[in-house]
Each structure stands twice: as structure tokens, then as C-alpha cells.
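K.L.:
So here's final-v9.pdb (PDB, C-alpha atoms).
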```pdb
ATOM      1  CA  MET A  17     116.133 121.917 101.926  1.00  0.00           C
ATOM      2  CA  ASN A  18     114.156 125.107 101.544  1.00  0.00           C
ATOM      3  CA  ASN A  19     111.395 124.750 104.133  1.00  0.00           C
ATOM      4  CA  ILE A  20     111.397 121.455 105.999  1.00  0.00           C
ATOM      5  CA  SER A  21     109.874 122.108 109.374  1.00  0.00           C
ATOM      6  CA  PHE A  22     110.505 120.267 112.611  1.00  0.00           C
ATOM      7  CA  LEU A  23     107.046 118.695 112.376  1.00  0.00           C
ATOM      8  CA  ASP A  24     107.922 117.111 109.036  1.00  0.00           C
ATOM      9  CA  ILE A  25     111.004 115.499 110.523  1.00  0.00           C
ATOM     10  CA  VAL A  26     109.009 114.067 113.434  1.00  0.00           C
ATOM     11  CA  ARG A  27     106.332 112.825 111.038  1.00  0.00           C
ATOM     12  CA  MET A  28     108.909 111.139 108.822  1.00  0.00           C
ATOM     13  CA  TYR A  29     110.481 109.538 111.887  1.00  0.00           C
ATOM     14  CA  PHE A  30     107.145 108.038 112.933  1.00  0.00           C
ATOM     15  CA  LEU A  31     106.422 106.776 109.411  1.00  0.00           C
ATOM     16  CA  LEU A  32     109.815 105.090 109.061  1.00  0.00           C
ATOM     17  CA  SER A  33     109.752 103.593 112.559  1.00  0.00           C
ATOM     18  CA  GLY A  34     106.252 102.205 111.979  1.00  0.00           C
ATOM     19  CA  VAL A  35     107.207 100.459 108.753  1.00  0.00           C
ATOM     20  CA  LEU A  36     110.441  99.176 110.324  1.00  0.00           C
ATOM     21  CA  PHE A  37     108.358  97.673 113.146  1.00  0.00           C
ATOM     22  CA  PHE A  38     106.331  95.764 110.556  1.00  0.00           C
ATOM     23  CA  ILE A  39     109.443  94.511 108.783  1.00  0.00           C
ATOM     24  CA  ALA A  40     110.798  93.345 112.161  1.00  0.00           C
ATOM     25  CA  THR A  41     107.515  91.505 112.714  1.00  0.00           C
ATOM     26  CA  SER A  42     107.766  89.723 109.390  1.00  0.00           C
ATOM     27  CA  VAL A  43     111.376  88.680 110.025  1.00  0.00           C
ATOM     28  CA  ALA A  44     110.376  87.433 113.477  1.00  0.00           C
ATOM     29  CA  MET A  45     107.522  85.439 111.945  1.00  0.00           C
ATOM     30  CA  LEU A  46     109.981  83.788 109.621  1.00  0.00           C
ATOM     31  CA  ARG A  47     112.866  83.178 112.015  1.00  0.00           C
ATOM     32  CA  PHE A  48     111.459  82.456 115.487  1.00  0.00           C
ATOM     33  CA  THR A  49     111.102  78.849 116.424  1.00  0.00           C
ATOM     34  CA  ASN A  50     107.988  78.356 118.516  1.00  0.00           C
ATOM     35  CA  ILE A  51     104.507  79.775 118.751  1.00  0.00           C
ATOM     36  CA  TYR A  52     105.044  81.754 121.969  1.00  0.00           C
ATOM     37  CA  ALA A  53     108.074  83.616 120.611  1.00  0.00           C
ATOM     38  CA  ARG A  54     106.079  84.515 117.504  1.00  0.00           C
ATOM     39  CA  LEU A  55     103.178  85.700 119.639  1.00  0.00           C
ATOM     40  CA  HIS A  56     105.562  87.848 121.680  1.00  0.00           C
ATOM     41  CA  ALA A  57     106.937  89.499 118.528  1.00  0.00           C
ATOM     42  CA  ALA A  58     103.492  89.953 116.993  1.00  0.00           C
ATOM     43  CA  SER A  59     101.986  91.453 120.134  1.00  0.00           C
ATOM     44  CA  LYS A  60     104.654  94.092 120.659  1.00  0.00           C
ATOM     45  CA  CYS A  61     105.784  95.029 117.161  1.00  0.00           C
ATOM     46  CA  LEU A  62     102.337  95.155 115.563  1.00  0.00           C
ATOM     47  CA  THR A  63     101.007  97.439 118.301  1.00  0.00           C
ATOM     48  CA  GLY A  64     104.039  99.709 118.072  1.00  0.00           C
ATOM     49  CA  GLY A  65     103.946  99.884 114.297  1.00  0.00           C
ATOM     50  CA  SER A  66     100.266 100.669 113.931  1.00  0.00           C
ATOM     51  CA  VAL A  67     100.328 103.277 116.713  1.00  0.00           C
ATOM     52  CA  SER A  68     103.412 104.894 115.132  1.00  0.00           C
ATOM     53  CA  LEU A  69     101.668 105.205 111.768  1.00  0.00           C
ATOM     54  CA  LEU A  70      98.558 106.614 113.452  1.00  0.00           C
ATOM     55  CA  MET A  71     100.658 109.216 115.285  1.00  0.00           C
ATOM     56  CA  ALA A  72     102.342 110.192 112.021  1.00  0.00           C
ATOM     57  CA  TYR A  73      98.918 110.756 110.511  1.00  0.00           C
ATOM     58  CA  MET A  74      97.790 112.659 113.594  1.00  0.00           C
ATOM     59  CA  LEU A  75     100.651 115.142 113.142  1.00  0.00           C
ATOM     60  CA  GLN A  76      99.477 115.896 109.609  1.00  0.00           C
ATOM     61  CA  VAL A  77      95.798 116.730 109.999  1.00  0.00           C
ATOM     62  CA  SER A  78      94.467 119.840 111.713  1.00  0.00           C
ATOM     63  CA  ASP A  79      90.785 119.006 112.219  1.00  0.00           C
ATOM     64  CA  PRO A  80      90.100 118.294 115.944  1.00  0.00           C
ATOM     65  CA  ALA A  81      87.400 115.722 115.167  1.00  0.00           C
ATOM     66  CA  VAL A  82      89.802 113.726 113.024  1.00  0.00           C
ATOM     67  CA  ILE A  83      92.488 113.958 115.710  1.00  0.00           C
ATOM     68  CA  LEU A  84      89.987 112.648 118.261  1.00  0.00           C
ATOM     69  CA  LYS A  85      89.094 109.786 115.951  1.00  0.00           C
ATOM     70  CA  ILE A  86      92.770 108.895 115.465  1.00  0.00           C
ATOM     71  CA  ILE A  87      93.297 108.890 119.240  1.00  0.00           C
ATOM     72  CA  LEU A  88      90.286 106.590 119.554  1.00  0.00           C
ATOM     73  CA  VAL A  89      91.661 104.168 116.953  1.00  0.00           C
ATOM     74  CA  ALA A  90      95.134 104.205 118.580  1.00  0.00           C
ATOM     75  CA  PHE A  91      93.637 103.520 122.014  1.00  0.00           C
ATOM     76  CA  PHE A  92      91.599 100.705 120.511  1.00  0.00           C
ATOM     77  CA  MET A  93      94.713  99.150 118.976  1.00  0.00           C
ATOM     78  CA  LEU A  94      96.603  99.461 122.272  1.00  0.00           C
ATOM     79  CA  LEU A  95      93.714  97.796 124.069  1.00  0.00           C
ATOM     80  CA  THR A  96      92.785  94.948 121.745  1.00  0.00           C
ATOM     81  CA  ASN A  97      96.035  93.721 120.244  1.00  0.00           C
ATOM     82  CA  PRO A  98      97.604  92.391 123.482  1.00  0.00           C
ATOM     83  CA  MET A  99      94.201  90.990 124.455  1.00  0.00           C
ATOM     84  CA  ALA A 100      93.962  88.939 121.265  1.00  0.00           C
ATOM     85  CA  SER A 101      97.540  87.740 121.669  1.00  0.00           C
ATOM     86  CA  HIS A 102      96.862  86.721 125.265  1.00  0.00           C
ATOM     87  CA  ALA A 103      93.722  84.783 124.323  1.00  0.00           C
ATOM     88  CA  LEU A 104      95.588  83.012 121.538  1.00  0.00           C
ATOM     89  CA  ALA A 105      98.547  82.132 123.797  1.00  0.00           C
ATOM     90  CA  ARG A 106      96.221  80.804 126.471  1.00  0.00           C
ATOM     91  CA  SER A 107      94.298  78.584 124.079  1.00  0.00           C
ATOM     92  CA  ALA A 108      97.543  77.363 122.485  1.00  0.00           C
ATOM     93  CA  TYR A 109      98.818  76.446 125.951  1.00  0.00           C
ATOM     94  CA  GLN A 110      95.569  74.650 126.781  1.00  0.00           C
ATOM     95  CA  ARG A 111      95.836  72.604 123.625  1.00  0.00           C
ATOM     96  CA  GLY A 112      99.483  71.843 124.440  1.00  0.00           C
ATOM     97  CA  TYR A 113     101.207  73.268 121.364  1.00  0.00           C
ATOM     98  CA  ASP A 114     105.002  73.624 121.796  1.00  0.00           C
ATOM     99  CA  ILE A 115     104.940  72.828 125.505  1.00  0.00           C
ATOM    100  CA  ALA A 116     108.355  71.137 125.272  1.00  0.00           C
ATOM    101  CA  SER A 117     110.050  74.344 124.120  1.00  0.00           C
ATOM    102  CA  LEU A 118     108.952  76.445 127.105  1.00  0.00           C
ATOM    103  CA  VAL A 119     111.735  77.710 129.354  1.00  0.00           C
ATOM    104  CA  ARG A 120     109.544  78.568 132.323  1.00  0.00           C
ATOM    105  CA  ASP A 121     106.025  77.321 132.939  1.00  0.00           C
ATOM    106  CA  ASP A 122     104.184  79.220 135.659  1.00  0.00           C
ATOM    107  CA  TYR A 123     100.874  77.529 134.903  1.00  0.00           C
ATOM    108  CA  ALA A 124     102.421  74.144 135.712  1.00  0.00           C
ATOM    109  CA  TYR A 125     104.031  75.593 138.855  1.00  0.00           C
ATOM    110  CA  ASP A 126     100.662  76.845 140.074  1.00  0.00           C
ATOM    111  CA  ARG A 127      99.023  73.556 139.233  1.00  0.00           C
ATOM    112  CA  MET A 128     101.700  71.618 141.118  1.00  0.00           C
ATOM    113  CA  HIS A 129     101.394  73.749 144.253  1.00  0.00           C
ATOM    114  CA  ASP A 130      97.611  73.921 144.056  1.00  0.00           C
ATOM    115  CA  ARG A 131      97.381  77.699 143.789  1.00  0.00           C
ATOM    116  CA  SER A 132      94.914  77.686 140.997  1.00  0.00           C
ATOM    117  CA  GLY A 133      92.834  80.577 142.257  1.00  0.00           C
ATOM    118  CA  GLU A 134      89.660  79.077 140.832  1.00  0.00           C
ATOM    119  CA  GLU A 135      87.304  77.834 143.515  1.00  0.00           C
ATOM    120  CA  GLU A 136      84.611  75.494 142.331  1.00  0.00           C
TER     121      GLU A 136
ATOM    122  CA  MET B  29     106.880 109.755  96.838  1.00  0.00           C
ATOM    123  CA  ILE B  30     108.087 108.320 100.119  1.00  0.00           C
ATOM    124  CA  ILE B  31     104.586 107.051 100.883  1.00  0.00           C
ATOM    125  CA  GLN B  32     104.716 104.796  97.823  1.00  0.00           C
ATOM    126  CA  VAL B  33     108.083 103.414  98.954  1.00  0.00           C
ATOM    127  CA  LEU B  34     106.669 102.732 102.407  1.00  0.00           C
ATOM    128  CA  ILE B  35     103.639 100.958 100.910  1.00  0.00           C
ATOM    129  CA  VAL B  36     105.912  98.708  98.860  1.00  0.00           C
ATOM    130  CA  MET B  37     107.979  97.897 101.975  1.00  0.00           C
ATOM    131  CA  LEU B  38     104.809  97.072 103.891  1.00  0.00           C
ATOM    132  CA  LEU B  39     103.648  94.772 101.086  1.00  0.00           C
ATOM    133  CA  CYS B  40     107.036  93.010 101.202  1.00  0.00           C
ATOM    134  CA  ALA B  41     106.504  92.472 104.940  1.00  0.00           C
ATOM    135  CA  CYS B  42     103.052  91.019 104.155  1.00  0.00           C
ATOM    136  CA  VAL B  43     104.581  88.588 101.654  1.00  0.00           C
ATOM    137  CA  ILE B  44     107.247  87.460 104.147  1.00  0.00           C
ATOM    138  CA  THR B  45     104.567  86.897 106.786  1.00  0.00           C
ATOM    139  CA  PHE B  46     102.487  84.973 104.252  1.00  0.00           C
ATOM    140  CA  VAL B  47     105.269  82.369 104.070  1.00  0.00           C
ATOM    141  CA  ARG B  48     104.614  81.582 107.734  1.00  0.00           C
ATOM    142  CA  LEU B  49     100.893  81.400 107.010  1.00  0.00           C
ATOM    143  CA  ILE B  50     101.558  78.810 104.306  1.00  0.00           C
ATOM    144  CA  LYS B  51     104.039  76.569 106.127  1.00  0.00           C
ATOM    145  CA  GLY B  52     103.067  77.115 109.771  1.00  0.00           C
ATOM    146  CA  PRO B  53     103.250  73.730 111.461  1.00  0.00           C
ATOM    147  CA  THR B  54     100.384  74.272 113.889  1.00  0.00           C
ATOM    148  CA  VAL B  55      97.057  76.067 113.818  1.00  0.00           C
ATOM    149  CA  PRO B  56      98.019  78.951 116.229  1.00  0.00           C
ATOM    150  CA  ASP B  57     100.996  79.744 113.982  1.00  0.00           C
ATOM    151  CA  ARG B  58      98.632  80.300 111.105  1.00  0.00           C
ATOM    152  CA  ILE B  59      96.289  82.385 113.250  1.00  0.00           C
ATOM    153  CA  VAL B  60      99.146  84.618 114.431  1.00  0.00           C
ATOM    154  CA  ALA B  61     100.367  85.082 110.860  1.00  0.00           C
ATOM    155  CA  ALA B  62      96.843  85.923 109.681  1.00  0.00           C
ATOM    156  CA  ASN B  63      96.491  88.438 112.516  1.00  0.00           C
ATOM    157  CA  ALA B  64      99.814  90.043 111.554  1.00  0.00           C
ATOM    158  CA  ILE B  65      98.776  90.307 107.903  1.00  0.00           C
ATOM    159  CA  GLY B  66      95.463  91.815 108.979  1.00  0.00           C
ATOM    160  CA  ILE B  67      97.139  94.546 111.042  1.00  0.00           C
ATOM    161  CA  MET B  68      99.562  95.215 108.185  1.00  0.00           C
ATOM    162  CA  PHE B  69      96.599  95.791 105.878  1.00  0.00           C
ATOM    163  CA  PHE B  70      95.069  98.021 108.561  1.00  0.00           C
ATOM    164  CA  SER B  71      98.229 100.138 108.396  1.00  0.00           C
ATOM    165  CA  LEU B  72      98.104 100.013 104.612  1.00  0.00           C
ATOM    166  CA  ILE B  73      94.645 101.601 104.756  1.00  0.00           C
ATOM    167  CA  ILE B  74      96.089 104.343 106.992  1.00  0.00           C
ATOM    168  CA  LEU B  75      98.880 104.941 104.466  1.00  0.00           C
ATOM    169  CA  TRP B  76      96.285 105.196 101.685  1.00  0.00           C
ATOM    170  CA  THR B  77      94.818 108.232 103.409  1.00  0.00           C
ATOM    171  CA  TYR B  78      98.020 110.099 102.525  1.00  0.00           C
ATOM    172  CA  ILE B  79      97.630 109.332  98.834  1.00  0.00           C
ATOM    173  CA  TYR B  80      93.920 110.015  98.486  1.00  0.00           C
ATOM    174  CA  GLY B  81      93.875 112.891 100.948  1.00  0.00           C
ATOM    175  CA  THR B  82      90.559 112.047 102.614  1.00  0.00           C
ATOM    176  CA  ASP B  83      89.751 111.010 106.169  1.00  0.00           C
ATOM    177  CA  ILE B  84      87.071 108.529 105.166  1.00  0.00           C
ATOM    178  CA  PHE B  85      89.514 105.625 105.175  1.00  0.00           C
ATOM    179  CA  LEU B  86      89.947 106.037 108.938  1.00  0.00           C
ATOM    180  CA  ASP B  87      86.415 104.743 109.554  1.00  0.00           C
ATOM    181  CA  VAL B  88      87.131 101.798 107.287  1.00  0.00           C
ATOM    182  CA  ALA B  89      90.297 101.065 109.259  1.00  0.00           C
ATOM    183  CA  LEU B  90      88.427 101.248 112.580  1.00  0.00           C
ATOM    184  CA  VAL B  91      85.730  98.789 111.456  1.00  0.00           C
ATOM    185  CA  TYR B  92      88.401  96.520 109.978  1.00  0.00           C
ATOM    186  CA  ALA B  93      90.309  96.478 113.288  1.00  0.00           C
ATOM    187  CA  ILE B  94      87.143  95.706 115.275  1.00  0.00           C
ATOM    188  CA  LEU B  95      86.161  92.836 112.975  1.00  0.00           C
ATOM    189  CA  GLN B  96      89.660  91.399 113.040  1.00  0.00           C
ATOM    190  CA  PHE B  97      89.823  91.529 116.832  1.00  0.00           C
ATOM    191  CA  ALA B  98      86.496  89.676 117.080  1.00  0.00           C
ATOM    192  CA  GLU B  99      87.721  87.118 114.556  1.00  0.00           C
ATOM    193  CA  VAL B 100      90.919  86.359 116.500  1.00  0.00           C
ATOM    194  CA  LEU B 101      88.982  86.080 119.783  1.00  0.00           C
ATOM    195  CA  VAL B 102      86.466  83.683 118.243  1.00  0.00           C
ATOM    196  CA  MET B 103      89.214  81.520 116.755  1.00  0.00           C
ATOM    197  CA  ALA B 104      91.115  81.441 120.064  1.00  0.00           C
ATOM    198  CA  ARG B 105      87.909  80.517 121.865  1.00  0.00           C
ATOM    199  CA  TYR B 106      87.249  77.744 119.374  1.00  0.00           C
ATOM    200  CA  LEU B 107      90.794  76.472 119.670  1.00  0.00           C
ATOM    201  CA  GLY B 108      90.995  76.409 123.467  1.00  0.00           C
ATOM    202  CA  ARG B 109      89.818  73.693 125.735  1.00  0.00           C
ATOM    203  CA  ARG B 110      86.294  73.927 127.034  1.00  0.00           C
ATOM    204  CA  GLU B 111      86.841  72.818 130.625  1.00  0.00           C
ATOM    205  CA  SER B 112      89.125  74.600 133.085  1.00  0.00           C
ATOM    206  CA  LEU B 113      92.864  74.628 132.723  1.00  0.00           C
ATOM    207  CA  TYR B 114      93.632  73.338 136.171  1.00  0.00           C
ATOM    208  CA  HIS B 115      91.339  70.311 136.460  1.00  0.00           C
ATOM    209  CA  GLU B 116      92.381  67.790 133.919  1.00  0.00           C
TER     210      GLU B 116
END
```
Can you give me the file's structure in the form of C-alpha cells?

P.N.:
Amino acid sequence: MNNISFLDIVRMYFLLSGVLFFIATSVAMLRFTNIYARLHAASKCLTGGSVSLLMAYMLQVSDPAVILKIILVAFFMLLTNPMASHALARSAYQRGYDIASLVRDDYAYDRMHDRSGEEE
Amino acid sequence: MIIQVLIVMLLCACVITFVRLIKGPTVPDRIVAANAIGIMFFSLIILWTYIYGTDIFLDVALVYAILQFAEVLVMARYLGRRESLYHE
């Protein structure tokens, strides 16, 4: 009321949106039906939530070294989280989990038309 | 005050995700749920920096994220098939 700056409002927005992303992830974990839908929710919402919380913390500190470190951690999260989800989806597909629930299967299309792209 | 409320909400999200970790029908379901809980605890460490007021937890969070990424990659590598996808 007395002195709430614009920066505080932006910081509060990032904090609330980050935690809401995590709650959306947990609801998706509980409600989605197959492994690929859960991986989709986990890959997007977890990245968005953690980067939102890191940006909220970045708006609070004033030390440039700490800001650089936060940017490094956020870049690392943006880089590694989709990579882990992709590796997990690929190995789940190779093992054949929930193949019957797929709507579109581009791996099978490539295999049928012999466009594998792997010369041996 | 609002940081404590956010931490409690995040812990509720962890508990809801833990249900999927318990009753996940397949192994990748459990790995995805464990990964989600790990990133939620990573964010919990970042929220702790507000309460304690130090930046030292940021290093802890970075190492935690690196170890968790390596763990998920190793488990996915263990789970996947050894030979190529297209020659079965």
C-alpha cells in the first residue's frame, strides 16, 4: 500500500506463476493417461516453473556475480530438462511402453518407408 | 510470509506427484515422476534462499540439477534398447 514498487509486482508475478506451473505439473502427473503425455507436461511445465522462480530471484539481488550465476543456472535448466525428457521418451519408445495409445507414430512411418537415416 | 505459503504449495505438488511415483504402472512413469519431484526440490532450494537470505544455496541447487540430469540420462540409457531402433 505505502511503497510497493513495480519491481515487486513483477517479482510476485514470477513467483506465483512458477508455483502454479508446478501445481499444473502435479495435476498432469495424476490425470494424464499415458507416458508420453506425462513426459510432455513434465518437460514444458517443469522448465517454465524453475526458470520463473530463478527470474524472480534474479530481480531481487543486486550483485552482478550472483545475477550471472542465476543466468547460468537458468540456461542450464533450459538446456538439460528437454534433453532428459527426450532421452526418456526415446528409450520408452524403444522398449515399447504405451505404443498402442500413440496417435501418430513418425518412427514407424520412417521405418516403413526406409528413411532411417542411419547408414551401416 | 508469502514465501512460506509458496513453499507449502510446492510441497503439496510434491505429494501429488509422489502418488504417481507410487502407483505408476511402468518404469518410465516412475522415472518421470522422480524427475518432477527432483526439480520441485530444486525450486524449493531456490525458495529457501529468500528465507535464509544467502546466495550459497544457489551453488547447491546447481550441483543438484547437474546430478539429477546425469541420473535421468543414465536411467534412460539403461532402460533403452542396446541395438539400433530401426533394425529389429

K.L.:
What are the residues of chain B that have an atom within 8 Å of an atom of chain A, counting all atoms listed in the file, as a PDB file with C-alpha atoms, in the frame of the given file?

P.N.:
```pdb
ATOM      1  CA  LEU B  34     106.669 102.732 102.407  1.00  0.00           C
ATOM      2  CA  MET B  37     107.979  97.897 101.975  1.00  0.00           C
ATOM      3  CA  LEU B  38     104.809  97.072 103.891  1.00  0.00           C
ATOM      4  CA  ALA B  41     106.504  92.472 104.940  1.00  0.00           C
ATOM      5  CA  CYS B  42     103.052  91.019 104.155  1.00  0.00           C
ATOM      6  CA  ILE B  44     107.247  87.460 104.147  1.00  0.00           C
ATOM      7  CA  THR B  45     104.567  86.897 106.786  1.00  0.00           C
ATOM      8  CA  VAL B  47     105.269  82.369 104.070  1.00  0.00           C
ATOM      9  CA  ARG B  48     104.614  81.582 107.734  1.00  0.00           C
ATOM     10  CA  THR B  54     100.384  74.272 113.889  1.00  0.00           C
ATOM     11  CA  PRO B  56      98.019  78.951 116.229  1.00  0.00           C
ATOM     12  CA  ASP B  57     100.996  79.744 113.982  1.00  0.00           C
ATOM     13  CA  VAL B  60      99.146  84.618 114.431  1.00  0.00           C
ATOM     14  CA  ALA B  61     100.367  85.082 110.860  1.00  0.00           C
ATOM     15  CA  ALA B  64      99.814  90.043 111.554  1.00  0.00           C
ATOM     16  CA  ILE B  67      97.139  94.546 111.042  1.00  0.00           C
ATOM     17  CA  MET B  68      99.562  95.215 108.185  1.00  0.00           C
ATOM     18  CA  PHE B  70      95.069  98.021 108.561  1.00  0.00           C
ATOM     19  CA  SER B  71      98.229 100.138 108.396  1.00  0.00           C
ATOM     20  CA  ILE B  74      96.089 104.343 106.992  1.00  0.00           C
ATOM     21  CA  LEU B  75      98.880 104.941 104.466  1.00  0.00           C
ATOM     22  CA  ASP B  83      89.751 111.010 106.169  1.00  0.00           C
ATOM     23  CA  LEU B  86      89.947 106.037 108.938  1.00  0.00           C
ATOM     24  CA  LEU B  90      88.427 101.248 112.580  1.00  0.00           C
ATOM     25  CA  ALA B  93      90.309  96.478 113.288  1.00  0.00           C
ATOM     26  CA  PHE B  97      89.823  91.529 116.832  1.00  0.00           C
ATOM     27  CA  VAL B 100      90.919  86.359 116.500  1.00  0.00           C
ATOM     28  CA  LEU B 101      88.982  86.080 119.783  1.00  0.00           C
ATOM     29  CA  ALA B 104      91.115  81.441 120.064  1.00  0.00           C
ATOM     30  CA  ARG B 105      87.909  80.517 121.865  1.00  0.00           C
ATOM     31  CA  LEU B 107      90.794  76.472 119.670  1.00  0.00           C
ATOM     32  CA  GLY B 108      90.995  76.409 123.467  1.00  0.00           C
ATOM     33  CA  ARG B 109      89.818  73.693 125.735  1.00  0.00           C
ATOM     34  CA  LEU B 113      92.864  74.628 132.723  1.00  0.00           C
ATOM     35  CA  TYR B 114      93.632  73.338 136.171  1.00  0.00           C
TER      36      TYR B 114
END
```

K.L.:
Determine the nearest neighbour of Ile31 in chain B from the options B:Phe85, B:Tyr78, B:Tyr92, B:Tyr106, counting all atoms listed in the file.

P.N.:
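Among B:Phe85, B:Tyr78, B:Tyr92, B:Tyr106, it is B:Tyr78 that comes nearest to Ile31 in chain B.
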
K.L.:
Calculated over all atoms listed in the file, which of the candidates B:Val102, B:Val43, B:Ile35, B:Val91 has the smallest distance to Ile59 in chain B?

P.N.:
B:Val102

K.L.:
Arg58 in chain B: which residues within 8 Å, counting all atoms listed in the file, same-chain residues fewer than 6 positions away excluded, as a PyMOL selection string?

P.N.:
chain B and resi 48-50+52

K.L.:
Can you write just those residues out, C-alpha atoms, as a PDB file, in the coordinates of the input?

P.N.:
```pdb
ATOM      1  CA  ARG B  48     104.614  81.582 107.734  1.00  0.00           C
ATOM      2  CA  LEU B  49     100.893  81.400 107.010  1.00  0.00           C
ATOM      3  CA  ILE B  50     101.558  78.810 104.306  1.00  0.00           C
ATOM      4  CA  GLY B  52     103.067  77.115 109.771  1.00  0.00           C
TER       5      GLY B  52
END
```

K.L.:
So what do you get for CA of Asn63 in chain B versus CA of His56 in chain A, distance-wise?

P.N.:
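Distance between the two atoms: 12.9 Å.
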
K.L.:
Give the answer as one residue: which of B:Ala62, B:Ala98, B:Met29, B:Cys40 has the shortest atom-to-atom distance to Ile79 in chain B, using all atoms listed in the file?

P.N.:
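Ranking B:Ala62, B:Ala98, B:Met29, B:Cys40 by distance to Ile79 in chain B, first place goes to B:Met29.
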
K.L.:
As an exercise, work out the distance from CA of Pro98 in chain A to CA of Ile115 in chain A in Å and give it to one decimal place.

P.N.:
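We find that CA of Pro98 in chain A and CA of Ile115 in chain A lie 21.0 Å from each other.
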
K.L.:
State, in Å with one decimal place, the distance from CA of Ile73 in chain B to CA of Ile25 in chain A.

P.N.:
22.2 Å
